[in-house]
file run.pdb (PDB, C-alpha atoms)
ATOM      1  CA  MET A 185     -24.934   5.651  -3.173
ATOM      2  CA  ASP A 186     -21.839   5.536  -5.393
ATOM      3  CA  LEU A 187     -19.268   2.863  -4.674
ATOM      4  CA  ILE A 188     -15.989   4.481  -3.641
ATOM      5  CA  GLN A 189     -13.048   3.939  -5.950
ATOM      6  CA  SER A 190     -11.083   1.577  -3.696
ATOM      7  CA  PHE A 191     -14.097  -0.770  -3.535
ATOM      8  CA  SER A 192     -14.254  -0.984  -7.333
ATOM      9  CA  VAL A 193     -11.116  -3.125  -7.364
ATOM     10  CA  ASP A 194     -11.762  -6.836  -7.806
ATOM     11  CA  HIS A 195     -10.332  -8.094  -4.515
ATOM     12  CA  THR A 196     -10.685 -11.710  -5.657
ATOM     13  CA  LEU A 197      -8.059 -11.096  -8.349
ATOM     14  CA  ILE A 198      -5.656  -8.623  -6.740
ATOM     15  CA  VAL A 199      -2.115  -9.790  -6.045
ATOM     16  CA  PRO A 200       0.580  -8.163  -3.935
ATOM     17  CA  GLY A 201       2.048  -5.167  -5.710
ATOM     18  CA  ILE A 202       2.122  -1.417  -6.194
ATOM     19  CA  PHE A 203      -1.018   0.086  -7.714
ATOM     20  CA  THR A 204      -2.451   3.505  -8.454
ATOM     21  CA  SER A 205      -5.622   3.671  -6.404
ATOM     22  CA  ARG A 206      -6.748   7.168  -7.370
ATOM     23  CA  VAL A 207      -5.521  10.473  -8.776
ATOM     24  CA  ASP A 208      -7.104  13.652  -7.445
ATOM     25  CA  LYS A 209      -6.850  17.336  -8.185
ATOM     26  CA  VAL A 210      -6.467  19.462  -5.057
ATOM     27  CA  GLY A 211      -6.647  23.044  -6.239
ATOM     28  CA  THR A 212      -4.022  23.205  -8.973
ATOM     29  CA  ASP A 213      -2.048  20.272  -7.567
ATOM     30  CA  THR A 214      -2.300  16.580  -8.368
ATOM     31  CA  VAL A 215      -2.257  14.060  -5.541
ATOM     32  CA  THR A 216      -1.980  10.314  -6.129
ATOM     33  CA  THR A 217      -2.991   7.542  -3.737
ATOM     34  CA  TYR A 218      -1.161   4.248  -4.157
ATOM     35  CA  ASP A 219      -2.239   0.844  -2.900
ATOM     36  CA  ILE A 220       0.829  -0.989  -1.609
ATOM     37  CA  ARG A 221      -0.571  -4.499  -1.268
ATOM     38  CA  LEU A 222       1.466  -7.064   0.675
ATOM     39  CA  LYS A 223      -1.127  -9.837   0.895
ATOM     40  CA  ARG A 224      -3.783 -11.344  -1.364
ATOM     41  CA  PRO A 225      -7.094 -10.170   0.093
ATOM     42  CA  ASN A 226      -9.328 -12.888   1.506
ATOM     43  CA  ARG A 227      -6.849 -15.613   0.493
ATOM     44  CA  GLU A 228      -3.890 -14.991   2.794
ATOM     45  CA  PRO A 229      -3.883 -14.153   6.481
ATOM     46  CA  ALA A 230      -3.846 -10.437   7.195
ATOM     47  CA  ILE A 231      -0.647  -8.896   8.520
ATOM     48  CA  ASP A 232      -0.185  -9.152  12.277
ATOM     49  CA  VAL A 233      -1.463  -5.914  13.850
ATOM     50  CA  ALA A 234       1.670  -5.206  15.909
ATOM     51  CA  ALA A 235       3.918  -5.902  12.904
ATOM     52  CA  MET A 236       1.727  -3.664  10.724
ATOM     53  CA  HIS A 237       2.074  -0.890  13.286
ATOM     54  CA  SER A 238       5.868  -1.272  13.288
ATOM     55  CA  LEU A 239       5.987  -1.285   9.472
ATOM     56  CA  GLU A 240       3.921   1.897   9.496
ATOM     57  CA  HIS A 241       6.367   3.668  11.827
ATOM     58  CA  ILE A 242       9.569   2.473  10.130
ATOM     59  CA  ILE A 243       8.485   3.066   6.545
ATOM     60  CA  ALA A 244       6.814   6.415   7.292
ATOM     61  CA  THR A 245      10.089   7.525   8.876
ATOM     62  CA  TYR A 246      12.073   6.243   5.902
ATOM     63  CA  LEU A 247       9.817   7.952   3.334
ATOM     64  CA  ARG A 248       9.768  11.267   5.171
ATOM     65  CA  ASN A 249      13.564  11.266   5.391
ATOM     66  CA  ASP A 250      14.403  10.152   1.854
ATOM     67  CA  PRO A 251      16.149  13.205   0.332
ATOM     68  CA  ASP A 252      14.601  12.664  -3.115
ATOM     69  CA  TRP A 253      11.050  11.981  -1.962
ATOM     70  CA  LYS A 254      10.427  13.556   1.450
ATOM     71  CA  ASP A 255       8.824  16.695   0.005
ATOM     72  CA  GLU A 256       6.443  14.568  -2.090
ATOM     73  CA  VAL A 257       5.120  12.369   0.744
ATOM     74  CA  ILE A 258       1.729  13.329   2.143
ATOM     75  CA  TYR A 259       0.695  10.129   3.914
ATOM     76  CA  TRP A 260       1.739   6.536   4.646
ATOM     77  CA  GLY A 261      -0.662   4.354   6.599
ATOM     78  CA  PRO A 262      -2.224   0.909   6.919
ATOM     79  CA  MET A 263      -5.344  -0.374   5.216
ATOM     80  CA  GLY A 264      -8.135  -1.316   7.567
ATOM     81  CA  CYS A 265      -8.127  -4.861   6.154
ATOM     82  CA  LEU A 266      -4.438  -5.220   7.147
ATOM     83  CA  THR A 267      -3.377  -6.486   3.722
ATOM     84  CA  GLY A 268      -1.324  -3.435   2.792
ATOM     85  CA  PHE A 269      -0.748   0.293   3.020
ATOM     86  CA  TYR A 270      -1.787   3.501   1.326
ATOM     87  CA  LEU A 271       0.856   5.933   0.152
ATOM     88  CA  ILE A 272      -0.226   9.410  -0.915
ATOM     89  CA  LEU A 273       2.249  11.460  -2.938
ATOM     90  CA  LYS A 274       2.171  14.858  -4.589
ATOM     91  CA  GLY A 275       2.114  14.584  -8.365
ATOM     92  CA  SER A 276       1.197  11.654 -10.566
ATOM     93  CA  ARG A 277       3.689   8.878 -11.189
ATOM     94  CA  SER A 278       3.144   5.373 -12.405
ATOM     95  CA  PRO A 279       3.563   2.500  -9.951
ATOM     96  CA  GLU A 280       6.698   1.513 -11.863
ATOM     97  CA  GLU A 281       8.183   4.942 -11.120
ATOM     98  CA  ILE A 282       7.864   4.464  -7.360
ATOM     99  CA  TYR A 283       8.964   0.807  -7.381
ATOM    100  CA  GLU A 284      12.566   1.546  -6.282
ATOM    101  CA  LEU A 285      11.398   3.915  -3.548
ATOM    102  CA  LEU A 286       9.144   1.253  -2.051
ATOM    103  CA  LEU A 287      11.633  -1.554  -2.557
ATOM    104  CA  ASN A 288      14.243   0.462  -0.658
ATOM    105  CA  ALA A 289      11.732   1.473   2.030
ATOM    106  CA  PHE A 290      10.876  -2.160   2.735
ATOM    107  CA  LYS A 291      14.553  -3.139   2.598
ATOM    108  CA  SER A 292      15.246  -0.504   5.257
ATOM    109  CA  VAL A 293      13.063  -2.398   7.719
ATOM    110  CA  GLY A 294      15.625  -5.212   7.804
ATOM    111  CA  SER A 295      18.314  -2.919   9.175
ATOM    112  CA  ALA A 296      16.110  -1.265  11.801
ATOM    113  CA  ASP A 297      17.353  -1.760  15.350
ATOM    114  CA  GLU A 298      14.267  -0.201  16.865
ATOM    115  CA  VAL A 299      10.870   1.162  15.872
ATOM    116  CA  PRO A 300      11.050   4.961  15.602
ATOM    117  CA  GLY A 301       8.481   6.798  17.673
ATOM    118  CA  ALA A 302       7.588   3.749  19.785
ATOM    119  CA  ALA A 303       7.401   5.668  23.053
ATOM    120  CA  PRO A 304       4.370   6.863  25.031
ATOM    121  CA  VAL A 305       5.044  10.490  24.138
ATOM    122  CA  ASN A 306       5.153   9.697  20.372
ATOM    123  CA  CYS A 307       2.630   6.914  19.813
ATOM    124  CA  GLY A 308      -0.968   6.224  20.772
ATOM    125  CA  HIS A 309      -0.326   2.513  21.370
ATOM    126  CA  TYR A 310       3.427   2.337  21.878
ATOM    127  CA  LEU A 311       3.383  -1.180  23.356
ATOM    128  CA  MET A 312       1.760  -2.650  20.217
ATOM    129  CA  HIS A 313       4.849  -3.186  18.062
ATOM    130  CA  ASN A 314       6.618  -6.261  16.766
ATOM    131  CA  LEU A 315       9.909  -5.434  15.056
ATOM    132  CA  GLY A 316      10.836  -9.075  14.426
ATOM    133  CA  MET A 317       7.604  -9.803  12.568
ATOM    134  CA  ALA A 318       7.792  -6.473  10.742
ATOM    135  CA  LYS A 319      11.200  -7.523   9.418
ATOM    136  CA  TRP A 320       9.778 -10.871   8.323
ATOM    137  CA  TYR A 321       6.864  -9.286   6.403
ATOM    138  CA  ALA A 322       9.145  -6.656   4.853
ATOM    139  CA  ASP A 323      11.630  -9.276   3.674
ATOM    140  CA  GLU A 324       8.808 -11.390   2.238
ATOM    141  CA  PHE A 325       7.525  -8.375   0.269
ATOM    142  CA  VAL A 326      11.019  -7.398  -0.926
ATOM    143  CA  GLN A 327      11.617 -10.918  -2.230
ATOM    144  CA  TYR A 328       8.222 -10.907  -3.931
ATOM    145  CA  LEU A 329       8.790  -7.518  -5.585
ATOM    146  CA  GLU A 330      12.229  -8.529  -6.821
ATOM    147  CA  ALA A 331      11.011 -11.876  -8.173
ATOM    148  CA  ASN A 332       8.029 -10.300  -9.965
ATOM    149  CA  ARG A 333       9.564  -7.015 -11.174
ATOM    150  CA  SER A 334       8.783  -7.766 -14.829
ATOM    151  CA  ASP A 335       5.230  -9.027 -14.205
ATOM    152  CA  PRO A 336       2.729  -6.296 -15.121
ATOM    153  CA  LYS A 337       0.161  -7.784 -12.690
ATOM    154  CA  ILE A 338       2.043  -6.244  -9.752
ATOM    155  CA  PHE A 339       1.398  -2.778 -11.212
ATOM    156  CA  GLU A 340      -2.107  -3.078 -12.718
ATOM    157  CA  TYR A 341      -5.267  -3.079 -10.609
ATOM    158  CA  PRO A 342      -7.917  -5.646 -11.546
ATOM    159  CA  ARG A 343     -10.928  -3.317 -11.712
ATOM    160  CA  THR A 344     -14.593  -4.207 -11.630
ATOM    161  CA  GLU A 345     -17.379  -2.627 -13.600
ATOM    162  CA  ARG A 346     -20.551  -1.756 -11.758
ATOM    163  CA  LEU A 347     -23.467  -2.722 -13.941
ATOM    164  CA  VAL A 348     -26.868  -1.290 -13.050
ATOM    165  CA  THR A 349     -30.012  -2.788 -14.547
ATOM    166  CA  GLU A 350     -33.026  -0.721 -15.575
ATOM    167  CA  ASP A 351     -34.727  -1.601 -12.287
ATOM    168  CA  GLY A 352     -31.712  -0.461 -10.240
ATOM    169  CA  GLN A 353     -30.068  -3.798  -9.375
ATOM    170  CA  HIS A 354     -26.272  -3.621  -9.061
ATOM    171  CA  PHE A 355     -23.956  -6.274 -10.485
ATOM    172  CA  PHE A 356     -20.194  -6.473 -10.786
ATOM    173  CA  ASP A 357     -18.224  -7.757 -13.736
ATOM    174  CA  SER A 358     -14.437  -7.917 -13.686
TER     175      SER A 358
END
call {"tool": "encode", "arguments": {"input": "run.pdb", "output": "structure tokens"}}
result
Amino acid sequence: MDLIQSFSVDHTLIVPGIFTSRVDKVGTDTVTTYDIRLKRPNREPAIDVAAMHSLEHIIATYLRNDPDWKDEVIYWGPMGCLTGFYLILKGSRSPEEIYELLLNAFKSVGSADEVPGAAPVNCGHYLMHNLGMAKWYADEFVQYLEANRSDPKIFEYPRTERLVTEDGQHFFDS
């Protein structure tokens, strides 16, 4: 079975940042999935579940209301490993081109007075939110992005190569 693209990233080397995960053709359109990584996988604690849920709601609302980007946004949601989010946009832009959008989206969390859609009629687990912790994680990521803006590592995925021997054994080399 082929390894899916997101598992071909060397998670022992990845740092927080904004990465192109995959670019797909859907009919005549191009759709790009971005990995918005807040934590170093397997080296830092995962993001608190309730805070992750609040970040999902606040940033999804921000992205879908941004006048310059709202028509490009297809999806914003958490990674199962709770170390970041996936953003799917129409078109194909480099991570550097969406840096300001994401920086501003995470900055917007700091000014949130409430979590949008955190009511039983709007949310499948409306009691599982933590706005205070969401603000803390967002501020941490904003500071990190600003401090590392000129570091190419926050925009370039560390990929692995899948080597297959003649007898079918699989090895990875980064």
call {"tool": "residues_around", "arguments": {"input": "run.pdb", "residues": "region 289-306 of chain A", "least_positions_apart": "6", "cutoff": "9 Å", "atoms": "only C-alpha atoms", "output": "MDAnalysis selection string"}}
result
chainID A and resid 238:239 241:247 312:315 318:323 325:326
call {"tool": "atom_distance", "arguments": {"input": "run.pdb", "atom1": "CA of Cys307 (chain A)", "atom2": "CA of Lys274 (chain A)"}}
result
25.7 Å
call {"tool": "atom_distance", "arguments": {"input": "run.pdb", "atom1": "CA of Ser205 (chain A)", "atom2": "CA of Asp219 (chain A)"}}
result
5.6 Å
call {"tool": "atom_distance", "arguments": {"input": "run.pdb", "atom1": "CA of His195 (chain A)", "atom2": "CA of Tyr218 (chain A)"}}
result
15.4 Å
call {"tool": "residues_around", "arguments": {"input": "run.pdb", "residues": "Ile231 (chain A)", "least_positions_apart": "3", "cutoff": "10 Å", "atoms": "all atoms listed in the file", "output": "PyMOL selection string"}}
result
chain A and resi 222-223+228+234-237+265-268+317-318+321
call {"tool": "closest_residue", "arguments": {"input": "run.pdb", "among": "A:Gly308, A:Asp232, A:Leu285, A:Gly261", "to": "Asn249 (chain A)", "atoms": "all atoms listed in the file"}}
result
A:Leu285
call {"tool": "closest_residue", "arguments": {"input": "run.pdb", "among": "A:Tyr283, A:Tyr270, A:Trp260, A:Trp253", "to": "Leu329 (chain A)", "atoms": "all atoms listed in the file"}}
result
A:Tyr283
call {"tool": "closest_residue", "arguments": {"input": "run.pdb", "among": "A:Arg221, A:Lys209, A:Lys337, A:His309", "to": "Pro262 (chain A)", "atoms": "all atoms listed in the file"}}
result
A:Arg221
call {"tool": "closest_residue", "arguments": {"input": "run.pdb", "among": "A:Ala331, A:Ile202, A:Met263, A:Val207", "to": "Glu240 (chain A)", "atoms": "only C-alpha atoms"}}
result
A:Met263
call {"tool": "residues_near_point", "arguments": {"input": "run.pdb", "point": "(4.2, 6.6, -6.6)", "cutoff": "10 Å", "atoms": "all atoms listed in the file", "output": "list in words"}}
result
Ile202, Phe203, Thr204, Val215, Thr216, Thr217, Tyr218, Asp219, Ile220, Trp253, Glu256, Val257, Leu271, Ile272, Leu273, Lys274, Gly275, Ser276, Arg277, Ser278, Pro279, Glu280, Glu281, Ile282, Tyr283, Glu284, Leu285 and Leu286 of chain A
